[in-house]
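Engineer: Got a structure for you, questions after.
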Amino acid sequence: MHKNLQKSTTHINLLVFMILVTLCPASPLFADQRVTVIKGGELYTITSGIIKNGTIIIEDGKISRIGQNIETPKDAKVINAGGKVVMPGLIAATAQVGMAGSDNQIAESLDPFHYSVSFALASGITSIYISRGGSSTAVIKPTYGDLDNMLLKESVSQNISFRSWMDKTNLRQNLGKAREYLQKLDEYTRTNNQKKLQDLKKPSGLDTYIRLLKKEISARLQATTTAELLGIVELIDEFDIRVIIEDAVEAWVVAEEIAKHDIRLVITPRDKRRPNELISAPSGSTLENAAILKKAGVKFAIVPTSPSFATWGVAGRDLMALPMEAAFAVSGGLDEQTALEAITINAADIIGVADRVGSLQAGKDADILILDGHPFHHKTFVETTLVNGKVLYEKSKSPYFSHITHKD
Amino acid sequence: MRNAILTYSVVVLIFVGSIYAEDKVAPTKYAIKAGKILTMVQADKSSSDTVVINNGIILVSGGKIEVLGSQSNVEIPKGYKIIDASDKWVTPGIVEAHTHIGTEGGFNDMVTPINPELKISECVNPEDISIEKAVTGGVTTVHTMPGSGTNLAGFSVIIKLDKSEPEKMILRELGAMKIAQAFNPERRGGDLGATRMGMSWSLRNILKQAKYYTEAWQAYEQGKSKRKPEFRPELEKMRKVFNGEIPTINHTYSPWGVMQTMRMFYDENNLNVIPTHTAYGGFLVGAEAAKRDGVSINIGPRVVEFSRPNYDGRFHAMGAEYSKAGVKNLSINTDAVGWSSWIAPQEELSFQAAMSAHLGLDDLKALKAITINSARALDIDDRVGSLEVGKDADIVIKKGSLLDHTAPVDLVLINGKIVYQRKGVDLLVKDKADSSEKG
Amino acid sequence: MANIYRYILLGIFIFGLSIPAVAEDVTVIRADRVDTVTSGLIENGIIVIKDGRIAAIGSDVEIPEDADIVDVSDKTVFPGLVNPSSGIGLSSPGGGPFSRAHLSVVDELYPHQDVYKRVLRAGFTTFGLVPGSVGTGIAGQGAVIRPVGDKPGEMIVIKSGLLLINFQANDRTKKGIKSALDSVKDKMNSTDPKVQPLANALQGKIPTFITCGGPGNILHLLKLLEPYKQMKVVLSADSELYRVADKLAGKKIPVILPARIDFEPFTRNRINVPKMLVDAGVKIALRPKSDGIQAHEEFLRDVAELVKAGLDGEVAKKAITINPAQMLAVDYRIGSLAIGKDANLLVTSGDILDIDTKIHMVMIEGKVVHKAP
């Protein structure tokens, strides 16, 4: 009797175990690790054209497959994007998001609960280059509430002040010293001069400049006028470093030089600067800046007039209106494709994360937007934002814009 | 002797004839072939739709719109230069109801809070580079005002942005009486009018005086009274306000501010009033504004409120909220100052409208808000704001809607003259030997 | 024979001496209800207090002869309130080096201040007095004090009661805290005044109170604290911390909260943060909504508001007595009415969370320190 009871208990245990095992995949606990599928809609891949009525398969936070007529796996979470525009999350090549406090080590003070993180999701911005002085730069994702996945990449470029003559002198001197050190290092290594190698001390405070010369990082400089821009061109002639220039309002005047020196730019099409009446060369700002740069072969990212989110009443000039800024570049003659690239793949490339984000390609992070219209149409809203394959924003569920519907 | 008279007569005749001949050199006449014409004219009494003409023709002559119709029933006469906008949209020139461009010399005379003698038309500067920049955005008429540093800053001016003939720029010398009733004038301190109590008193006081002054002169001029009233030059301009010839425009904020503006100016004094700005929750009294025919709400440069005034965590579009409350004559501004401006530069008035539309205002309402509604608020809709026969030929041509900012403005006419054509664009059809053509 | 008499005399003499001693130190309170907080409500409760401690408590307790009877049989008895984190009575903080573990509030104590009289009247019998500071860093040692005494030393219940760290998520602060803590790893038994407090905190011998900003800061803090598993951490943070309540519950970190109703950010939607944390499984203590005297006087009313808004009444009572006592590691003697604990108690006209209740009498370690006129 006792043995039979034991056997029955074992059988029951086995049965329960088997039931649990079969039920598990359907349990909510597993839902997150399940496959997510975005079905239907126009897929603006950015790098491979537009796929009509396409499908994106997302697994483990990455795009695993993308194309037409792809079979939806069973048990997948399906997001219906029929009639919508699907595109990669937007990239802000410079902005103030998710930062709290005033620390030079950005990664140590990221705030995933900051309201700017929520606004970024609502605007469809999924990668942001943030910086605070000097070497404190990083690329972050607006992973609301999740600190661990917020940092995408650290210190890809060094902000260097290049406005005053003192800045320029310092930079030249430091680069010069760094180059001298590297040259000695190279020479002693080649000639296998052990003694000299031992005696050779790396000068302190030159790490950044050494990395610049080795092209491990880029220098981010600010320059507005042609004189300032040409000054940087000269610098590159002297020290072969990789440079990103912000502002660059008059870049259109010296577009060829900029292209020749492989300088990448971060521009705001609507920046206003009066032409300088005292010089005979062309000057000042123009909406055609982007178009002219594109023609000359310069790679650039577009950022809006204001680098943060405005809650005081202005509309269309702050970070929320990133696509609008690119739309203005189109009015200045830039082709639509390049305008889109300037807020997606090219921006990603300039901030050093193009291997992960910036386009809809298999293998890249599933940072994806579903929009109710073309991103440059003034009535378009972001309806859904996915970051690392997770839906982090839905317009219909957020108080920000759920009350705004277009009957058009 | 007879020879002398003859010679002199001939000389005189030639002289006079040559003068005449000069006058007779007429301005260019244009025939615009348009893909789509948005007239901004009300389609019929009951609906808010406007008349749209597809494949239309506009004939421009003498600075006015001469003919307006579809290509199938308008023939282009000889002597008209053809502007080919067959793949483009044509709209009325944009009318700005609240700006500070086009003048020089300061617009805040802040010695006393009440300045009914001042008029900014004295300071119009045709060379202001903001003017030509504004035209590139399709703006053709602007209402330029003194600032909001005082309670009654003076009188504004309405100008056309065609600086080729500066003498003809002023559309109306006294545009509106400029009032400021909240916040800005309170910053001054140390003078009556620095607190809201002081402001309200100062304004009521001057309004009362102006009202009696106007009525006294009306009575005298109509023969109802034999006594000639005292002449007070500082109140002369205000007579135009109390005669109903020009409106007042009031910088005001918040529900209490907008209510105060409407009560003090419209309810109590029967003046047409344009409450302008009206941010910080002014739209909560939109229904009250909608009830009052002589009240024309003008919003901007802020067009959206975040989580205010209801603290609901939502972005509220002021335009959409006013529209929902029933406000019919809503207009939008840039409040542009100078060339680069703190919020929107003058040429981006269409973008202010586009953003209002983005946040929920109907597209057509947004377009009206920068054309016919502004004109109506300023009582210049007999001249501008819509495309109608007899109105000024202020016309904007571009690809697509004014709200679409991927396409720039291509061509702008003011008073029938081309004042702007985008670089690289030439819409003028070259003259043929025979320029008579059936459309 | 004479020797026996001598011993008997000696015995009577000694016995005679001891009787008055016994008679002086016994007080008995007779109340309508005794709310022990940890063991329920006792109707017609009797508390026997000897040498400042509760010797017996119950409804059917033997009352010693010659005891001082306090007859409050129409009133309620409740434990004295514990404010676990306050700077009341201390002077304004100054600046200083990042790590000031050797500094202690006991050097600043001054008992004859009006504020202490007033907080007593408001029902507070124990404080976790913490050092003020400007900016982040290891601010120093706090003490557990009673707000009465003739001399500063008489206020002290536990001299080195806690270590206070002010945290904000930035590199400098993180590095500073880490290096300060790591520097004492090999000196766990040191008596160096600069080292000992850190060593004690690291080993959990004294609690570590940490002030911190919002939820983002807390995530950084939790990461920083991971290697220091023996530290007994108590968190004092701002209202939005409810967003990480589950993480705090998971790490079993207790939280000190101001007693107030908050608004959801950007809105006027009222939220009951203490309740939200309790629901998530976090142990909480409530403190006055600010460190000023008025907030102390309004404290019970504010707590009642939270209860009205949904916070469980029994949880609220614990949050103002035994929970803060536990966070200060003095619960072996303070925070509830139980045998062996200090007779710190309030005699009130009704339930402590009743809006109309008035405090009739305050007793600290058996001595009446306040009696309403």
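Chain lettering (A, B, ...) mirrors the order of the structure tokens, residue numbering begins at 1 for each chain separately, and ligand numbering begins at 1 in order of display.
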Per DSSP on the backbone, filter range 153-309 of chain C down to the residues in alpha helix (DSSP H) and report them as a PyMOL selection string.
Structural biologist: chain C and resi 153-155+171-182+196-203+215-225+245-250+273-279+293-297+299-308
Engineer: Got a sec to pull out which chain C residues are within 10 Å of chain B, counting only C-alpha atoms, and send them as a count of residues only?
Structural biologist: 6
Engineer: At most 8 Å is the cut-off: for each residue in chain A with any atom that close to an atom of chain B, write down the nearest atom pair and the distance in Å rounded to one decimal, counting only C-alpha atoms, chain first then increasing number, as a tab-separated table.
Structural biologist:
```
residue	atom	partner	partner_atom	distance
A:Lys272	CA	B:Ser340	CA	6.0
A:Arg273	CA	B:Ser340	CA	7.8
A:Thr311	CA	B:Phe306	CA	5.6
A:Trp312	CA	B:Glu305	CA	6.7
A:Gly313	CA	B:Arg302	CA	4.5
A:Val314	CA	B:Arg302	CA	5.0
A:Ala315	CA	B:Met355	CA	6.2
A:Gly316	CA	B:Met355	CA	6.3
A:Met324	CA	B:His405	CA	7.8
A:Ala327	CA	B:Thr406	CA	4.8
A:Phe328	CA	B:Thr406	CA	5.6
A:Ala329	CA	B:Thr406	CA	7.4
A:Val330	CA	B:Thr406	CA	5.0
A:Ser331	CA	B:Thr406	CA	4.3
A:Gly332	CA	B:Pro408	CA	7.1
A:Phe376	CA	B:Thr406	CA	7.2
A:His377	CA	B:Asp404	CA	6.8
A:His378	CA	B:His358	CA	5.5
A:Lys379	CA	B:His358	CA	4.3
A:Thr380	CA	B:His358	CA	7.1
A:Pro399	CA	B:Arg314	CA	5.3
A:Tyr400	CA	B:Arg314	CA	4.3
A:Phe401	CA	B:Phe315	CA	6.3
A:Ile404	CA	B:Gly360	CA	5.6
A:Thr405	CA	B:Gly360	CA	6.8
A:His406	CA	B:Gly360	CA	6.8
```
Engineer: Atoms to include: N, CA and C atoms. Write the selected residues as a PDB file, in the first residue's frame.
Structural biologist:
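Final file, part-v1.pdb:
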```pdb
ATOM      1  N   LYS A 272      20.732  80.952 -37.918  1.00  0.00           N
ATOM      2  CA  LYS A 272      20.747  82.223 -38.632  1.00  0.00           C
ATOM      3  C   LYS A 272      22.030  82.986 -38.330  1.00  0.00           C
ATOM      4  N   ARG A 273      22.659  83.449 -39.367  1.00  0.00           N
ATOM      5  CA  ARG A 273      23.818  84.304 -39.181  1.00  0.00           C
ATOM      6  C   ARG A 273      23.824  85.318 -40.301  1.00  0.00           C
ATOM      7  N   THR A 311       9.409  72.793 -22.667  1.00  0.00           N
ATOM      8  CA  THR A 311       8.059  72.609 -22.150  1.00  0.00           C
ATOM      9  C   THR A 311       7.397  73.951 -21.864  1.00  0.00           C
ATOM     10  N   TRP A 312       8.019  75.030 -22.351  1.00  0.00           N
ATOM     11  CA  TRP A 312       7.484  76.335 -21.996  1.00  0.00           C
ATOM     12  C   TRP A 312       6.645  76.961 -23.085  1.00  0.00           C
ATOM     13  N   GLY A 313       6.401  76.264 -24.167  1.00  0.00           N
ATOM     14  CA  GLY A 313       5.454  76.793 -25.133  1.00  0.00           C
ATOM     15  C   GLY A 313       5.920  76.885 -26.562  1.00  0.00           C
ATOM     16  N   VAL A 314       7.202  76.801 -26.804  1.00  0.00           N
ATOM     17  CA  VAL A 314       7.668  76.891 -28.183  1.00  0.00           C
ATOM     18  C   VAL A 314       7.416  75.543 -28.849  1.00  0.00           C
ATOM     19  N   ALA A 315       7.104  75.549 -30.087  1.00  0.00           N
ATOM     20  CA  ALA A 315       6.870  74.290 -30.786  1.00  0.00           C
ATOM     21  C   ALA A 315       7.691  74.273 -32.062  1.00  0.00           C
ATOM     22  N   GLY A 316       8.350  73.171 -32.322  1.00  0.00           N
ATOM     23  CA  GLY A 316       9.018  73.019 -33.594  1.00  0.00           C
ATOM     24  C   GLY A 316      10.460  73.466 -33.650  1.00  0.00           C
ATOM     25  N   MET A 324      11.624  67.802 -38.277  1.00  0.00           N
ATOM     26  CA  MET A 324      11.256  69.056 -38.927  1.00  0.00           C
ATOM     27  C   MET A 324      12.495  69.807 -39.382  1.00  0.00           C
ATOM     28  N   ALA A 327      13.508  68.447 -42.455  1.00  0.00           N
ATOM     29  CA  ALA A 327      12.575  68.868 -43.509  1.00  0.00           C
ATOM     30  C   ALA A 327      12.985  70.222 -44.072  1.00  0.00           C
ATOM     31  N   PHE A 328      13.436  71.124 -43.200  1.00  0.00           N
ATOM     32  CA  PHE A 328      13.889  72.438 -43.676  1.00  0.00           C
ATOM     33  C   PHE A 328      15.101  72.299 -44.580  1.00  0.00           C
ATOM     34  N   ALA A 329      15.954  71.320 -44.316  1.00  0.00           N
ATOM     35  CA  ALA A 329      17.103  71.107 -45.198  1.00  0.00           C
ATOM     36  C   ALA A 329      16.614  70.717 -46.594  1.00  0.00           C
ATOM     37  N   VAL A 330      15.525  69.967 -46.641  1.00  0.00           N
ATOM     38  CA  VAL A 330      14.953  69.584 -47.933  1.00  0.00           C
ATOM     39  C   VAL A 330      14.445  70.819 -48.663  1.00  0.00           C
ATOM     40  N   SER A 331      13.865  71.748 -47.918  1.00  0.00           N
ATOM     41  CA  SER A 331      13.385  72.967 -48.579  1.00  0.00           C
ATOM     42  C   SER A 331      14.556  73.769 -49.124  1.00  0.00           C
ATOM     43  N   GLY A 332      15.739  73.539 -48.578  1.00  0.00           N
ATOM     44  CA  GLY A 332      16.927  74.216 -49.070  1.00  0.00           C
ATOM     45  C   GLY A 332      17.586  73.474 -50.207  1.00  0.00           C
ATOM     46  N   PHE A 376       8.587  63.645 -42.424  1.00  0.00           N
ATOM     47  CA  PHE A 376       8.686  65.072 -42.715  1.00  0.00           C
ATOM     48  C   PHE A 376       7.328  65.738 -42.883  1.00  0.00           C
ATOM     49  N   HIS A 377       6.280  64.986 -42.718  1.00  0.00           N
ATOM     50  CA  HIS A 377       4.953  65.596 -42.830  1.00  0.00           C
ATOM     51  C   HIS A 377       4.610  66.250 -41.504  1.00  0.00           C
ATOM     52  N   HIS A 378       4.053  67.445 -41.563  1.00  0.00           N
ATOM     53  CA  HIS A 378       3.882  68.201 -40.321  1.00  0.00           C
ATOM     54  C   HIS A 378       2.867  67.579 -39.378  1.00  0.00           C
ATOM     55  N   LYS A 379       2.038  66.667 -39.849  1.00  0.00           N
ATOM     56  CA  LYS A 379       1.041  66.093 -38.963  1.00  0.00           C
ATOM     57  C   LYS A 379       1.447  64.729 -38.400  1.00  0.00           C
ATOM     58  N   THR A 380       2.623  64.261 -38.792  1.00  0.00           N
ATOM     59  CA  THR A 380       3.027  62.922 -38.370  1.00  0.00           C
ATOM     60  C   THR A 380       3.390  62.856 -36.892  1.00  0.00           C
ATOM     61  N   PRO A 399       0.041  60.149 -21.804  1.00  0.00           N
ATOM     62  CA  PRO A 399      -0.784  61.366 -21.732  1.00  0.00           C
ATOM     63  C   PRO A 399      -0.328  62.471 -22.672  1.00  0.00           C
ATOM     64  N   TYR A 400       0.957  62.412 -23.120  1.00  0.00           N
ATOM     65  CA  TYR A 400       1.478  63.530 -23.906  1.00  0.00           C
ATOM     66  C   TYR A 400       0.587  63.909 -25.087  1.00  0.00           C
ATOM     67  N   PHE A 401       0.326  62.934 -25.984  1.00  0.00           N
ATOM     68  CA  PHE A 401      -0.343  63.252 -27.241  1.00  0.00           C
ATOM     69  C   PHE A 401      -1.561  62.378 -27.539  1.00  0.00           C
ATOM     70  N   ILE A 404      -4.565  63.886 -29.171  1.00  0.00           N
ATOM     71  CA  ILE A 404      -4.483  64.524 -30.489  1.00  0.00           C
ATOM     72  C   ILE A 404      -4.635  63.456 -31.558  1.00  0.00           C
ATOM     73  N   THR A 405      -5.740  63.538 -32.280  1.00  0.00           N
ATOM     74  CA  THR A 405      -5.932  62.596 -33.383  1.00  0.00           C
ATOM     75  C   THR A 405      -6.221  63.401 -34.636  1.00  0.00           C
ATOM     76  N   HIS A 406      -5.744  62.930 -35.750  1.00  0.00           N
ATOM     77  CA  HIS A 406      -5.966  63.643 -37.000  1.00  0.00           C
ATOM     78  C   HIS A 406      -7.026  62.927 -37.811  1.00  0.00           C
TER      79      HIS A 406
END
```
Engineer: By how many Å are CA of Ile355 in chain C and CA of Ala309 in chain C apart?
Structural biologist: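 Computed distance, CA of Ile355 in chain C to CA of Ala309 in chain C, equals 14.0 Å.
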Engineer: Mind pulling up the distance from CA of Thr261 in chain B to CA of Trp201 in chain B?
Structural biologist: 13.1 Å
Engineer: Dump as a compact mmCIF listing (two decimals) with C-alpha atoms, in the first residue's frame the residues of chain C that approach chain A to within 9 Å, counting only C-alpha atoms.
Structural biologist:
```
# COMPACT_ATOMS: atom_id res chain seq x y z
CA GLN C 168 24.42 61.80 -5.58
CA ALA C 169 25.18 59.95 -8.77
CA ASN C 170 28.41 61.35 -10.07
CA ASP C 171 31.91 60.10 -10.47
CA ARG C 172 33.47 62.13 -7.70
CA LYS C 174 31.12 57.38 -6.08
CA GLY C 214 15.42 60.45 -7.16
CA PRO C 215 15.06 56.99 -8.65
CA GLY C 216 17.89 57.40 -11.13
CA ASN C 217 20.27 58.20 -8.29
CA LEU C 219 19.88 52.83 -9.21
CA HIS C 220 23.41 54.18 -9.20
CA ARG C 243 9.50 54.11 -9.31
CA VAL C 244 12.17 51.75 -7.99
```
Engineer: Separation of CA of Gln196 in chain C and CA of Ile218 in chain C, in Å?
Structural biologist: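 Answer for the CA of Gln196 in chain C to CA of Ile218 in chain C separation: 26.4 Å.
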Engineer: Per DSSP on the backbone, what are the strand (DSSP E or B) residues of range 38-249 of chain C, as a ChimeraX atom specification?
Structural biologist: /C:41-43,46-50,53-58,68-79,81-86,99,104,124-129,137-145,156-166,208-212,233-237
Engineer: Counting only C-alpha atoms, figure out which residue out of C:Pro207, C:Gly176, C:Gly135, C:Pro193 gets nearest to Leu164 in chain C.
Structural biologist: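 Residue with the minimum atom-to-atom distance to Leu164 in chain C: C:Pro207.
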